[in-house]
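As stored in structure_7.pdb (PDB, C-alpha atoms (C1' of nucleotides)):
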```
ATOM      1  CA  MET U   1      31.203  78.011 127.501  1.00  0.00           C
ATOM      2  CA  ALA U   2      31.039  78.675 131.211  1.00  0.00           C
ATOM      3  CA  LEU U   3      34.059  80.924 131.418  1.00  0.00           C
ATOM      4  CA  LEU U   4      33.011  83.113 128.537  1.00  0.00           C
ATOM      5  CA  ASP U   5      29.669  83.340 130.262  1.00  0.00           C
ATOM      6  CA  LEU U   6      31.270  84.463 133.500  1.00  0.00           C
ATOM      7  CA  LEU U   7      33.591  86.906 131.762  1.00  0.00           C
ATOM      8  CA  GLY U   8      30.704  88.246 129.738  1.00  0.00           C
ATOM      9  CA  ARG U   9      29.258  89.953 132.771  1.00  0.00           C
ATOM     10  CA  ARG U  10      29.951  93.533 133.493  1.00  0.00           C
ATOM     11  CA  MET U  11      33.008  94.196 135.584  1.00  0.00           C
ATOM     12  CA  ALA U  12      34.268  90.634 135.403  1.00  0.00           C
ATOM     13  CA  LEU U  13      37.077  91.374 132.969  1.00  0.00           C
ATOM     14  CA  ARG U  14      37.606  94.730 134.557  1.00  0.00           C
ATOM     15  CA  VAL U  15      38.032  93.298 138.030  1.00  0.00           C
ATOM     16  CA  LEU U  16      40.453  90.690 136.756  1.00  0.00           C
ATOM     17  CA  TRP U  17      42.361  93.371 134.936  1.00  0.00           C
ATOM     18  CA  GLU U  18      42.573  95.579 138.007  1.00  0.00           C
ATOM     19  CA  LEU U  19      43.782  92.673 140.087  1.00  0.00           C
ATOM     20  CA  SER U  20      46.235  91.679 137.373  1.00  0.00           C
ATOM     21  CA  ARG U  21      47.925  95.028 137.408  1.00  0.00           C
ATOM     22  CA  ALA U  22      47.786  95.643 141.129  1.00  0.00           C
ATOM     23  CA  GLU U  23      51.048  94.945 142.865  1.00  0.00           C
ATOM     24  CA  GLU U  24      49.396  94.385 146.186  1.00  0.00           C
ATOM     25  CA  PRO U  25      46.036  93.020 147.255  1.00  0.00           C
ATOM     26  CA  LEU U  26      43.205  95.515 147.016  1.00  0.00           C
ATOM     27  CA  THR U  27      40.557  96.152 149.608  1.00  0.00           C
ATOM     28  CA  PHE U  28      36.942  95.936 148.589  1.00  0.00           C
ATOM     29  CA  ARG U  29      36.745  99.690 148.464  1.00  0.00           C
ATOM     30  CA  ALA U  30      39.998 100.143 146.623  1.00  0.00           C
ATOM     31  CA  LEU U  31      38.814  97.654 144.039  1.00  0.00           C
ATOM     32  CA  GLN U  32      35.496  99.407 143.788  1.00  0.00           C
ATOM     33  CA  ALA U  33      37.238 102.694 143.115  1.00  0.00           C
ATOM     34  CA  ALA U  34      39.706 101.162 140.667  1.00  0.00           C
ATOM     35  CA  ALA U  35      36.996  99.448 138.675  1.00  0.00           C
ATOM     36  CA  GLU U  36      34.692 102.444 138.921  1.00  0.00           C
ATOM     37  CA  THR U  37      31.698 100.454 139.982  1.00  0.00           C
ATOM     38  CA  ASN U  38      29.231 100.088 142.823  1.00  0.00           C
ATOM     39  CA  PRO U  39      29.333  97.684 145.749  1.00  0.00           C
ATOM     40  CA  SER U  40      26.419  95.553 144.683  1.00  0.00           C
ATOM     41  CA  VAL U  41      27.802  94.622 141.288  1.00  0.00           C
ATOM     42  CA  LEU U  42      31.315  94.330 142.626  1.00  0.00           C
ATOM     43  CA  ASN U  43      30.208  92.030 145.354  1.00  0.00           C
ATOM     44  CA  ARG U  44      28.305  89.844 142.938  1.00  0.00           C
ATOM     45  CA  ARG U  45      31.273  89.525 140.597  1.00  0.00           C
ATOM     46  CA  LEU U  46      33.615  88.850 143.506  1.00  0.00           C
ATOM     47  CA  LYS U  47      31.407  86.080 144.773  1.00  0.00           C
ATOM     48  CA  GLU U  48      31.376  84.512 141.345  1.00  0.00           C
ATOM     49  CA  LEU U  49      35.090  84.928 140.823  1.00  0.00           C
ATOM     50  CA  ARG U  50      35.808  83.473 144.230  1.00  0.00           C
ATOM     51  CA  THR U  51      33.478  80.564 143.591  1.00  0.00           C
ATOM     52  CA  ALA U  52      35.326  80.063 140.316  1.00  0.00           C
ATOM     53  CA  ARG U  53      38.549  80.128 142.345  1.00  0.00           C
ATOM     54  CA  LEU U  54      40.046  82.870 140.258  1.00  0.00           C
ATOM     55  CA  VAL U  55      40.157  85.321 143.132  1.00  0.00           C
ATOM     56  CA  ASP U  56      41.133  84.947 146.780  1.00  0.00           C
ATOM     57  CA  HIS U  57      40.396  87.088 149.761  1.00  0.00           C
ATOM     58  CA  ASP U  58      42.423  87.277 152.946  1.00  0.00           C
ATOM     59  CA  ASP U  59      43.438  89.841 155.528  1.00  0.00           C
ATOM     60  CA  GLY U  60      45.396  91.841 152.999  1.00  0.00           C
ATOM     61  CA  GLY U  61      42.451  92.118 150.646  1.00  0.00           C
ATOM     62  CA  TYR U  62      41.498  90.704 147.263  1.00  0.00           C
ATOM     63  CA  ARG U  63      44.051  89.151 144.966  1.00  0.00           C
ATOM     64  CA  LEU U  64      44.180  86.710 142.081  1.00  0.00           C
ATOM     65  CA  SER U  65      44.437  83.055 142.997  1.00  0.00           C
ATOM     66  CA  GLU U  66      47.060  80.918 141.341  1.00  0.00           C
ATOM     67  CA  ALA U  67      44.572  80.014 138.624  1.00  0.00           C
ATOM     68  CA  GLY U  68      43.666  83.659 138.292  1.00  0.00           C
ATOM     69  CA  GLN U  69      47.303  84.554 137.831  1.00  0.00           C
ATOM     70  CA  SER U  70      47.553  82.105 134.988  1.00  0.00           C
ATOM     71  CA  LEU U  71      44.913  84.182 133.233  1.00  0.00           C
ATOM     72  CA  THR U  72      46.865  87.385 133.706  1.00  0.00           C
ATOM     73  CA  PRO U  73      48.994  87.144 130.553  1.00  0.00           C
ATOM     74  CA  LEU U  74      45.864  86.750 128.484  1.00  0.00           C
ATOM     75  CA  ILE U  75      44.155  89.669 130.104  1.00  0.00           C
ATOM     76  CA  LEU U  76      47.163  91.872 129.664  1.00  0.00           C
ATOM     77  CA  GLN U  77      47.386  90.846 126.003  1.00  0.00           C
ATOM     78  CA  LEU U  78      43.724  91.610 125.560  1.00  0.00           C
ATOM     79  CA  HIS U  79      44.223  94.983 127.095  1.00  0.00           C
ATOM     80  CA  ALA U  80      47.257  95.697 124.972  1.00  0.00           C
ATOM     81  CA  TRP U  81      45.268  94.759 121.901  1.00  0.00           C
ATOM     82  CA  ALA U  82      42.480  97.065 123.046  1.00  0.00           C
ATOM     83  CA  ASP U  83      44.907  99.935 123.431  1.00  0.00           C
ATOM     84  CA  THR U  84      46.286  99.528 119.950  1.00  0.00           C
ATOM     85  CA  TRP U  85      42.829  99.152 118.543  1.00  0.00           C
ATOM     86  CA  ALA U  86      41.584 102.233 120.390  1.00  0.00           C
ATOM     87  CA  ARG U  87      44.459 104.296 119.084  1.00  0.00           C
ATOM     88  CA  SER U  88      43.961 103.039 115.566  1.00  0.00           C
ATOM     89  CA  ARG U  89      40.427 104.280 115.541  1.00  0.00           C
ATOM     90  CA  ALA U  90      40.737 107.450 117.573  1.00  0.00           C
ATOM     91  CA  GLY U  91      38.200 109.911 116.319  1.00  0.00           C
ATOM     92  CA  SER U  92      35.849 107.354 114.854  1.00  0.00           C
ATOM     93  CA  ALA U  93      32.325 107.026 116.061  1.00  0.00           C
ATOM     94  CA  SER U  94      31.893 105.807 119.586  1.00  0.00           C
ATOM     95  CA  LEU U  95      31.404 102.102 119.787  1.00  0.00           C
ATOM     96  CA  THR U  96      30.047 101.902 123.241  1.00  0.00           C
ATOM     97  CA  ARG U  97      26.710 103.335 122.322  1.00  0.00           C
ATOM     98  CA  ALA U  98      26.165 101.926 118.881  1.00  0.00           C
ATOM     99  CA  ARG U  99      22.429 101.588 118.841  1.00  0.00           C
TER     100      ARG U  99
ATOM    101  CA  MET J   1      38.541 100.750 128.808  1.00  0.00           C
ATOM    102  CA  ALA J   2      36.168 100.833 125.886  1.00  0.00           C
ATOM    103  CA  LEU J   3      36.983  97.394 124.529  1.00  0.00           C
ATOM    104  CA  LEU J   4      36.623  95.641 127.846  1.00  0.00           C
ATOM    105  CA  ASP J   5      33.333  97.459 128.180  1.00  0.00           C
ATOM    106  CA  LEU J   6      32.151  96.207 124.815  1.00  0.00           C
ATOM    107  CA  LEU J   7      33.355  92.675 125.474  1.00  0.00           C
ATOM    108  CA  GLY J   8      31.719  92.733 128.866  1.00  0.00           C
ATOM    109  CA  ARG J   9      28.288  92.521 127.322  1.00  0.00           C
ATOM    110  CA  ARG J  10      26.535  89.264 126.890  1.00  0.00           C
ATOM    111  CA  MET J  11      27.217  87.479 123.654  1.00  0.00           C
ATOM    112  CA  ALA J  12      30.020  89.803 122.600  1.00  0.00           C
ATOM    113  CA  LEU J  13      32.793  87.309 123.319  1.00  0.00           C
ATOM    114  CA  ARG J  14      30.567  84.490 122.218  1.00  0.00           C
ATOM    115  CA  VAL J  15      29.819  86.039 118.860  1.00  0.00           C
ATOM    116  CA  LEU J  16      33.481  86.761 118.274  1.00  0.00           C
ATOM    117  CA  TRP J  17      34.304  83.221 119.226  1.00  0.00           C
ATOM    118  CA  GLU J  18      31.712  81.772 116.874  1.00  0.00           C
ATOM    119  CA  LEU J  19      32.983  83.925 114.039  1.00  0.00           C
ATOM    120  CA  SER J  20      36.565  83.027 114.896  1.00  0.00           C
ATOM    121  CA  ARG J  21      35.947  79.354 114.517  1.00  0.00           C
ATOM    122  CA  ALA J  22      33.619  79.510 111.549  1.00  0.00           C
ATOM    123  CA  GLU J  23      35.290  78.699 108.292  1.00  0.00           C
ATOM    124  CA  GLU J  24      32.737  80.582 106.283  1.00  0.00           C
ATOM    125  CA  PRO J  25      30.631  83.648 106.896  1.00  0.00           C
ATOM    126  CA  LEU J  26      27.530  82.990 108.957  1.00  0.00           C
ATOM    127  CA  THR J  27      24.047  84.251 108.256  1.00  0.00           C
ATOM    128  CA  PHE J  28      22.240  86.137 110.963  1.00  0.00           C
ATOM    129  CA  ARG J  29      20.195  83.075 111.759  1.00  0.00           C
ATOM    130  CA  ALA J  30      23.131  80.704 111.690  1.00  0.00           C
ATOM    131  CA  LEU J  31      24.964  82.981 114.073  1.00  0.00           C
ATOM    132  CA  GLN J  32      21.921  83.201 116.278  1.00  0.00           C
ATOM    133  CA  ALA J  33      21.732  79.420 116.445  1.00  0.00           C
ATOM    134  CA  ALA J  34      25.465  79.015 116.995  1.00  0.00           C
ATOM    135  CA  ALA J  35      25.559  81.537 119.795  1.00  0.00           C
ATOM    136  CA  GLU J  36      22.309  80.270 121.262  1.00  0.00           C
ATOM    137  CA  THR J  37      20.771  83.667 121.624  1.00  0.00           C
ATOM    138  CA  ASN J  38      17.821  85.723 120.452  1.00  0.00           C
ATOM    139  CA  PRO J  39      17.645  88.149 117.560  1.00  0.00           C
ATOM    140  CA  SER J  40      17.366  91.297 119.630  1.00  0.00           C
ATOM    141  CA  VAL J  41      20.543  90.774 121.609  1.00  0.00           C
ATOM    142  CA  LEU J  42      22.370  89.436 118.614  1.00  0.00           C
ATOM    143  CA  ASN J  43      21.390  92.390 116.549  1.00  0.00           C
ATOM    144  CA  ARG J  44      22.530  94.836 119.213  1.00  0.00           C
ATOM    145  CA  ARG J  45      25.878  93.137 119.594  1.00  0.00           C
ATOM    146  CA  LEU J  46      26.336  92.975 115.845  1.00  0.00           C
ATOM    147  CA  LYS J  47      25.612  96.659 115.493  1.00  0.00           C
ATOM    148  CA  GLU J  48      28.184  97.409 118.147  1.00  0.00           C
ATOM    149  CA  LEU J  49      30.753  95.050 116.722  1.00  0.00           C
ATOM    150  CA  ARG J  50      30.239  96.463 113.266  1.00  0.00           C
ATOM    151  CA  THR J  51      30.519 100.006 114.554  1.00  0.00           C
ATOM    152  CA  ALA J  52      33.713  98.911 116.265  1.00  0.00           C
ATOM    153  CA  ARG J  53      34.825  97.538 112.911  1.00  0.00           C
ATOM    154  CA  LEU J  54      35.483  94.102 114.290  1.00  0.00           C
ATOM    155  CA  VAL J  55      32.786  92.471 112.201  1.00  0.00           C
ATOM    156  CA  ASP J  56      31.763  92.892 108.587  1.00  0.00           C
ATOM    157  CA  HIS J  57      28.617  91.977 106.787  1.00  0.00           C
ATOM    158  CA  ASP J  58      28.215  91.290 103.104  1.00  0.00           C
ATOM    159  CA  ASP J  59      26.228  89.052 100.823  1.00  0.00           C
ATOM    160  CA  GLY J  60      27.820  85.950 102.234  1.00  0.00           C
ATOM    161  CA  GLY J  61      26.914  86.815 105.786  1.00  0.00           C
ATOM    162  CA  TYR J  62      28.734  87.950 108.894  1.00  0.00           C
ATOM    163  CA  ARG J  63      32.476  87.535 109.261  1.00  0.00           C
ATOM    164  CA  LEU J  64      35.329  89.038 111.225  1.00  0.00           C
ATOM    165  CA  SER J  65      36.932  92.102 109.753  1.00  0.00           C
ATOM    166  CA  GLU J  66      40.688  92.264 109.451  1.00  0.00           C
ATOM    167  CA  ALA J  67      40.869  93.869 112.877  1.00  0.00           C
ATOM    168  CA  GLY J  68      38.531  91.238 114.202  1.00  0.00           C
ATOM    169  CA  GLN J  69      40.761  88.523 112.850  1.00  0.00           C
ATOM    170  CA  SER J  70      43.695  89.959 114.724  1.00  0.00           C
ATOM    171  CA  LEU J  71      41.721  89.297 117.886  1.00  0.00           C
ATOM    172  CA  THR J  72      41.128  85.679 117.000  1.00  0.00           C
ATOM    173  CA  PRO J  73      44.333  84.266 118.505  1.00  0.00           C
ATOM    174  CA  LEU J  74      43.489  85.877 121.802  1.00  0.00           C
ATOM    175  CA  ILE J  75      39.959  84.583 121.795  1.00  0.00           C
ATOM    176  CA  LEU J  76      41.102  81.103 120.942  1.00  0.00           C
ATOM    177  CA  GLN J  77      43.679  81.252 123.724  1.00  0.00           C
ATOM    178  CA  LEU J  78      41.044  82.434 126.120  1.00  0.00           C
ATOM    179  CA  HIS J  79      38.825  79.609 125.111  1.00  0.00           C
ATOM    180  CA  ALA J  80      41.610  77.075 125.450  1.00  0.00           C
ATOM    181  CA  TRP J  81      42.356  78.403 128.906  1.00  0.00           C
ATOM    182  CA  ALA J  82      38.683  78.104 129.755  1.00  0.00           C
ATOM    183  CA  ASP J  83      38.621  74.487 128.647  1.00  0.00           C
ATOM    184  CA  THR J  84      41.577  73.544 130.792  1.00  0.00           C
ATOM    185  CA  TRP J  85      40.157  75.445 133.681  1.00  0.00           C
ATOM    186  CA  ALA J  86      36.749  73.824 133.269  1.00  0.00           C
ATOM    187  CA  ARG J  87      38.278  70.382 133.244  1.00  0.00           C
ATOM    188  CA  SER J  88      40.430  71.124 136.254  1.00  0.00           C
ATOM    189  CA  ARG J  89      37.394  71.940 138.292  1.00  0.00           C
ATOM    190  CA  ALA J  90      34.904  69.480 136.939  1.00  0.00           C
ATOM    191  CA  GLY J  91      32.551  68.542 139.709  1.00  0.00           C
ATOM    192  CA  SER J  92      33.107  71.641 141.775  1.00  0.00           C
ATOM    193  CA  ALA J  93      30.257  73.950 142.554  1.00  0.00           C
ATOM    194  CA  SER J  94      28.753  75.749 139.619  1.00  0.00           C
ATOM    195  CA  LEU J  95      30.206  79.152 139.149  1.00  0.00           C
ATOM    196  CA  THR J  96      27.626  80.559 136.875  1.00  0.00           C
ATOM    197  CA  ARG J  97      25.062  80.994 139.553  1.00  0.00           C
ATOM    198  CA  ALA J  98      27.119  81.931 142.529  1.00  0.00           C
ATOM    199  CA  ARG J  99      24.746  84.210 144.328  1.00  0.00           C
TER     200      ARG J  99
ATOM    201  C1'  DC E   1       1.995  82.793  93.187  1.00  0.00           C
ATOM    202  C1'  DA E   2       3.147  79.953  97.205  1.00  0.00           C
ATOM    203  C1'  DA E   3       6.826  78.513 100.012  1.00  0.00           C
ATOM    204  C1'  DC E   4      11.220  79.454 101.944  1.00  0.00           C
ATOM    205  C1'  DT E   5      15.236  82.181 103.505  1.00  0.00           C
ATOM    206  C1'  DT E   6      17.248  86.174 105.378  1.00  0.00           C
ATOM    207  C1'  DG E   7      17.642  90.081 108.296  1.00  0.00           C
ATOM    208  C1'  DC E   8      15.824  91.982 111.032  1.00  0.00           C
ATOM    209  C1'  DT E   9      11.873  94.916 114.431  1.00  0.00           C
ATOM    210  C1'  DA E  10       8.179  94.882 118.131  1.00  0.00           C
ATOM    211  C1'  DT E  11       6.599  93.758 122.517  1.00  0.00           C
ATOM    212  C1'  DG E  12       6.218  92.444 127.206  1.00  0.00           C
ATOM    213  C1'  DA E  13       8.298  90.120 131.129  1.00  0.00           C
ATOM    214  C1'  DA E  14      12.329  88.941 133.795  1.00  0.00           C
ATOM    215  C1'  DA E  15      16.967  89.613 135.220  1.00  0.00           C
ATOM    216  C1'  DA E  16      20.971  92.349 135.835  1.00  0.00           C
ATOM    217  C1'  DA E  17      23.220  96.553 136.652  1.00  0.00           C
ATOM    218  C1'  DG E  18      23.592 101.227 138.620  1.00  0.00           C
ATOM    219  C1'  DA E  19      23.218 104.527 142.379  1.00  0.00           C
ATOM    220  C1'  DT E  20      22.911 105.591 146.969  1.00  0.00           C
ATOM    221  C1'  DA E  21      22.309 104.904 151.922  1.00  0.00           C
ATOM    222  C1'  DG E  22      23.584 102.663 155.731  1.00  0.00           C
ATOM    223  C1'  DC E  23      24.959  98.984 159.098  1.00  0.00           C
ATOM    224  C1'  DA E  24      28.118  95.736 161.793  1.00  0.00           C
ATOM    225  C1'  DT E  25      32.715  94.831 163.175  1.00  0.00           C
ATOM    226  C1'  DG E  26      37.275  95.825 164.509  1.00  0.00           C
ATOM    227  C1'  DA E  27      41.264  98.839 165.064  1.00  0.00           C
ATOM    228  C1'  DA E  28      43.161 103.261 166.096  1.00  0.00           C
ATOM    229  C1'  DT E  29      42.673 107.822 168.328  1.00  0.00           C
ATOM    230  C1'  DC E  30      41.347 111.094 171.705  1.00  0.00           C
TER     231       DC E  30
ATOM    232  C1'  DG F   1      35.699 104.337 177.100  1.00  0.00           C
ATOM    233  C1'  DA F   2      33.592 107.210 173.701  1.00  0.00           C
ATOM    234  C1'  DT F   3      34.610 108.645 169.014  1.00  0.00           C
ATOM    235  C1'  DT F   4      36.273 108.415 164.751  1.00  0.00           C
ATOM    236  C1'  DC F   5      37.743 105.717 160.871  1.00  0.00           C
ATOM    237  C1'  DA F   6      38.324 101.801 157.642  1.00  0.00           C
ATOM    238  C1'  DT F   7      36.469  97.647 155.883  1.00  0.00           C
ATOM    239  C1'  DG F   8      33.148  94.598 153.854  1.00  0.00           C
ATOM    240  C1'  DC F   9      29.531  94.353 152.840  1.00  0.00           C
ATOM    241  C1'  DT F  10      23.573  94.421 152.579  1.00  0.00           C
ATOM    242  C1'  DA F  11      19.146  96.861 151.370  1.00  0.00           C
ATOM    243  C1'  DT F  12      16.455  99.346 148.426  1.00  0.00           C
ATOM    244  C1'  DC F  13      14.983 101.577 144.488  1.00  0.00           C
ATOM    245  C1'  DT F  14      15.478 102.985 139.575  1.00  0.00           C
ATOM    246  C1'  DT F  15      17.144 102.203 135.062  1.00  0.00           C
ATOM    247  C1'  DT F  16      19.007  99.360 131.578  1.00  0.00           C
ATOM    248  C1'  DT F  17      19.739  95.073 129.500  1.00  0.00           C
ATOM    249  C1'  DT F  18      18.488  90.670 128.360  1.00  0.00           C
ATOM    250  C1'  DC F  19      15.249  86.963 127.257  1.00  0.00           C
ATOM    251  C1'  DA F  20      11.590  84.867 124.750  1.00  0.00           C
ATOM    252  C1'  DT F  21       8.513  84.922 121.242  1.00  0.00           C
ATOM    253  C1'  DA F  22       5.924  86.627 117.286  1.00  0.00           C
ATOM    254  C1'  DG F  23       6.003  88.498 113.076  1.00  0.00           C
ATOM    255  C1'  DC F  24       7.062  91.380 108.914  1.00  0.00           C
ATOM    256  C1'  DA F  25       9.369  93.066 104.456  1.00  0.00           C
ATOM    257  C1'  DA F  26      12.286  91.882 100.702  1.00  0.00           C
ATOM    258  C1'  DG F  27      14.444  88.726  97.821  1.00  0.00           C
ATOM    259  C1'  DT F  28      14.820  83.887  95.844  1.00  0.00           C
ATOM    260  C1'  DT F  29      13.069  79.317  94.371  1.00  0.00           C
ATOM    261  C1'  DG F  30      10.146  76.167  92.441  1.00  0.00           C
TER     262       DG F  30
END
```

As structure tokens, please, write out the structure in this file.
Amino acid sequence: MALLDLLGRRMALRVLWELSRAEEPLTFRALQAAAETNPSVLNRRLKELRTARLVDHDDGGYRLSEAGQSLTPLILQLHAWADTWARSRAGSASLTRAR
Amino acid sequence: MALLDLLGRRMALRVLWELSRAEEPLTFRALQAAAETNPSVLNRRLKELRTARLVDHDDGGYRLSEAGQSLTPLILQLHAWADTWARSRAGSASLTRAR
DNA sequence: CAACTTGCTATGAAAAAGATAGCATGAATC
DNA sequence: GATTCATGCTATCTTTTTCATAGCAAGTTG
């Protein structure tokens, strides 16, 4: 269950998605802007993702590792599903604050 | 980005996974035990997932809605990927507490 | 009516996330 | 060679979320 645990943290899926769609490596700040987050959370997720060997960092910036790239199709599918789903329920009550 | 936001909360993926693999509807308590969580978080996630119309609840218990079922293949794929990945790095440093 | 199941809510403590400021290092510019 | 700029963070504080546990109301069972 470890992966679902890792991915179930805020910004984990988002960071992977941003890196999946980026054509070039992203700097820390570019990634922060893309994922619309703050440096502390981003840095925590990056540490975890690098420890998990899903993300690499070199001079050019952050990019998916080979293993990370093998996750890309799934993430893109998930995102595509989300798009369809979002369109299908446009106008319905917001889900993000169901309380 | 709403779906990735929803899924990026603890137990969201886990609950969907448990419901994906269950052959019958699960009661609140069965789901709580399966997902190894506490009632407050479970209840919040269920409210959100029901608002998102991914999960239904009736006399028999909790189950995936039709939309939720269309997510099942993706979740199972994700889980399969996670298994492979976990095996490929067995013995490496723990990722879940990279701090 | 006593025991059990189900679907929660309440509460308090701990952990994570969010927001913002700022620092060290290195490269480029004046 | 001082100054500005980009990068990759860390520190700190506040807010939100999660965790852990107890317990209650309603319905069912014996």

LSQ fit chain J -> chain U, C-alpha in sequence order, output as a tab-separated table (two decimals) with C-alpha atoms, keeping the file's coordinate frame:
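Contents of superposed_0.tsv, as written:
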```tsv
chain	number	residue	atom	x	y	z
J	1	MET	CA	31.15	78.01	127.56
J	2	ALA	CA	31.01	78.71	131.26
J	3	LEU	CA	34.05	80.95	131.42
J	4	LEU	CA	33.00	83.14	128.53
J	5	ASP	CA	29.65	83.38	130.25
J	6	LEU	CA	31.24	84.51	133.48
J	7	LEU	CA	33.56	86.95	131.73
J	8	GLY	CA	30.66	88.29	129.74
J	9	ARG	CA	29.24	90.01	132.78
J	10	ARG	CA	29.97	93.59	133.52
J	11	MET	CA	33.04	94.22	135.59
J	12	ALA	CA	34.28	90.64	135.41
J	13	LEU	CA	37.08	91.40	132.96
J	14	ARG	CA	37.61	94.75	134.58
J	15	VAL	CA	38.04	93.31	138.04
J	16	LEU	CA	40.45	90.70	136.76
J	17	TRP	CA	42.36	93.39	134.95
J	18	GLU	CA	42.57	95.58	138.04
J	19	LEU	CA	43.78	92.67	140.11
J	20	SER	CA	46.24	91.69	137.39
J	21	ARG	CA	47.93	95.03	137.43
J	22	ALA	CA	47.80	95.64	141.15
J	23	GLU	CA	51.05	94.93	142.89
J	24	GLU	CA	49.38	94.37	146.21
J	25	PRO	CA	46.04	92.99	147.28
J	26	LEU	CA	43.21	95.49	147.05
J	27	THR	CA	40.55	96.13	149.64
J	28	PHE	CA	36.94	95.92	148.61
J	29	ARG	CA	36.73	99.68	148.50
J	30	ALA	CA	39.99	100.13	146.66
J	31	LEU	CA	38.82	97.64	144.08
J	32	GLN	CA	35.49	99.40	143.83
J	33	ALA	CA	37.24	102.69	143.18
J	34	ALA	CA	39.70	101.17	140.72
J	35	ALA	CA	37.00	99.45	138.73
J	36	GLU	CA	34.70	102.44	138.97
J	37	THR	CA	31.70	100.45	140.01
J	38	ASN	CA	29.23	100.08	142.86
J	39	PRO	CA	29.35	97.68	145.78
J	40	SER	CA	26.45	95.51	144.69
J	41	VAL	CA	27.85	94.61	141.30
J	42	LEU	CA	31.34	94.30	142.65
J	43	ASN	CA	30.21	92.01	145.38
J	44	ARG	CA	28.33	89.79	142.95
J	45	ARG	CA	31.29	89.53	140.62
J	46	LEU	CA	33.63	88.83	143.50
J	47	LYS	CA	31.41	86.06	144.77
J	48	GLU	CA	31.38	84.51	141.34
J	49	LEU	CA	35.09	84.93	140.82
J	50	ARG	CA	35.80	83.46	144.22
J	51	THR	CA	33.48	80.55	143.57
J	52	ALA	CA	35.33	80.07	140.30
J	53	ARG	CA	38.54	80.11	142.32
J	54	LEU	CA	40.06	82.87	140.26
J	55	VAL	CA	40.16	85.31	143.15
J	56	ASP	CA	41.12	84.92	146.78
J	57	HIS	CA	40.40	87.04	149.77
J	58	ASP	CA	42.39	87.24	152.96
J	59	ASP	CA	43.39	89.79	155.54
J	60	GLY	CA	45.35	91.79	153.03
J	61	GLY	CA	42.44	92.10	150.65
J	62	TYR	CA	41.48	90.69	147.29
J	63	ARG	CA	44.04	89.15	144.97
J	64	LEU	CA	44.18	86.71	142.09
J	65	SER	CA	44.43	83.07	143.00
J	66	GLU	CA	47.06	80.93	141.33
J	67	ALA	CA	44.57	80.03	138.62
J	68	GLY	CA	43.66	83.67	138.29
J	69	GLN	CA	47.29	84.57	137.83
J	70	SER	CA	47.56	82.13	134.97
J	71	LEU	CA	44.92	84.22	133.23
J	72	THR	CA	46.86	87.42	133.69
J	73	PRO	CA	48.99	87.17	130.54
J	74	LEU	CA	45.87	86.78	128.47
J	75	ILE	CA	44.15	89.71	130.09
J	76	LEU	CA	47.18	91.90	129.65
J	77	GLN	CA	47.41	90.87	126.00
J	78	LEU	CA	43.76	91.63	125.55
J	79	HIS	CA	44.25	95.00	127.08
J	80	ALA	CA	47.28	95.72	124.94
J	81	TRP	CA	45.31	94.77	121.87
J	82	ALA	CA	42.53	97.07	123.01
J	83	ASP	CA	44.94	99.96	123.38
J	84	THR	CA	46.33	99.55	119.90
J	85	TRP	CA	42.88	99.15	118.52
J	86	ALA	CA	41.62	102.22	120.36
J	87	ARG	CA	44.46	104.31	119.03
J	88	SER	CA	43.97	103.04	115.51
J	89	ARG	CA	40.43	104.27	115.50
J	90	ALA	CA	40.72	107.41	117.53
J	91	GLY	CA	38.18	109.86	116.26
J	92	SER	CA	35.87	107.30	114.75
J	93	ALA	CA	32.33	106.98	115.94
J	94	SER	CA	31.90	105.79	119.48
J	95	LEU	CA	31.36	102.10	119.67
J	96	THR	CA	30.06	101.91	123.15
J	97	ARG	CA	26.70	103.30	122.30
J	98	ALA	CA	26.07	101.92	118.88
J	99	ARG	CA	22.34	101.53	118.97
```

Quiz item: Skipping near chain neighbours, those fewer than 4 positions away, what residues fall within 10 Å of region 31-34 of chain U using all atoms listed in the file, listed as number ranges by chain?
Solution: U: 14-15, 18-19, 22, 25-27, 38-43, 61-62

Saved selection, atoms kept: C-alpha atoms, as a tab-separated table (two decimals), in the frame of the given file:
```
chain	number	residue	atom	x	y	z
U	14	ARG	CA	37.61	94.73	134.56
U	15	VAL	CA	38.03	93.30	138.03
U	18	GLU	CA	42.57	95.58	138.01
U	19	LEU	CA	43.78	92.67	140.09
U	22	ALA	CA	47.79	95.64	141.13
U	25	PRO	CA	46.04	93.02	147.26
U	26	LEU	CA	43.20	95.52	147.02
U	27	THR	CA	40.56	96.15	149.61
U	38	ASN	CA	29.23	100.09	142.82
U	39	PRO	CA	29.33	97.68	145.75
U	40	SER	CA	26.42	95.55	144.68
U	41	VAL	CA	27.80	94.62	141.29
U	42	LEU	CA	31.32	94.33	142.63
U	43	ASN	CA	30.21	92.03	145.35
U	61	GLY	CA	42.45	92.12	150.65
U	62	TYR	CA	41.50	90.70	147.26
```

Exercise. Could you tell me which residues the PyMOL selection byres ((chain E and resi 27) around 9) grabs in this file, written as a list in words?
Key: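 Residues picked by the PyMOL selection byres ((chain E and resi 27) around 9): DG26 and DA28 of chain E; DC5 and DA6 of chain F.
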
Exercise. Quote the spacing between CA of Gly68 (chain J) and CA of Leu54 (chain J) in Å to one decimal place.
Key: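 Separation of CA of Gly68 (chain J) and CA of Leu54 (chain J): 4.2 Å.
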
Quiz prompt | Polymer residues at most 7 Å from (29.0, 88.4, 127.0) by only C-alpha atoms (C1' of nucleotides), as a PyMOL selection string | solution = (chain U and resi 4-5+7-9) or (chain J and resi 7-14)

Translate the PyMOL selection byres ((chain F) within 9 of (chain J)), as applied to the file shown, into an explicit residue set as an mmCIF file with C-alpha atoms (C1' of nucleotides), in the coordinates of the input.
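The new file out25.cif reads:
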```
data_model
loop_
_atom_site.group_PDB
_atom_site.id
_atom_site.type_symbol
_atom_site.label_atom_id
_atom_site.label_comp_id
_atom_site.auth_asym_id
_atom_site.auth_seq_id
_atom_site.Cartn_x
_atom_site.Cartn_y
_atom_site.Cartn_z
ATOM 1 C "C1'" DT F 18 18.488 90.670 128.360
ATOM 2 C "C1'" DC F 19 15.249 86.963 127.257
ATOM 3 C "C1'" DA F 20 11.590 84.867 124.750
#
```
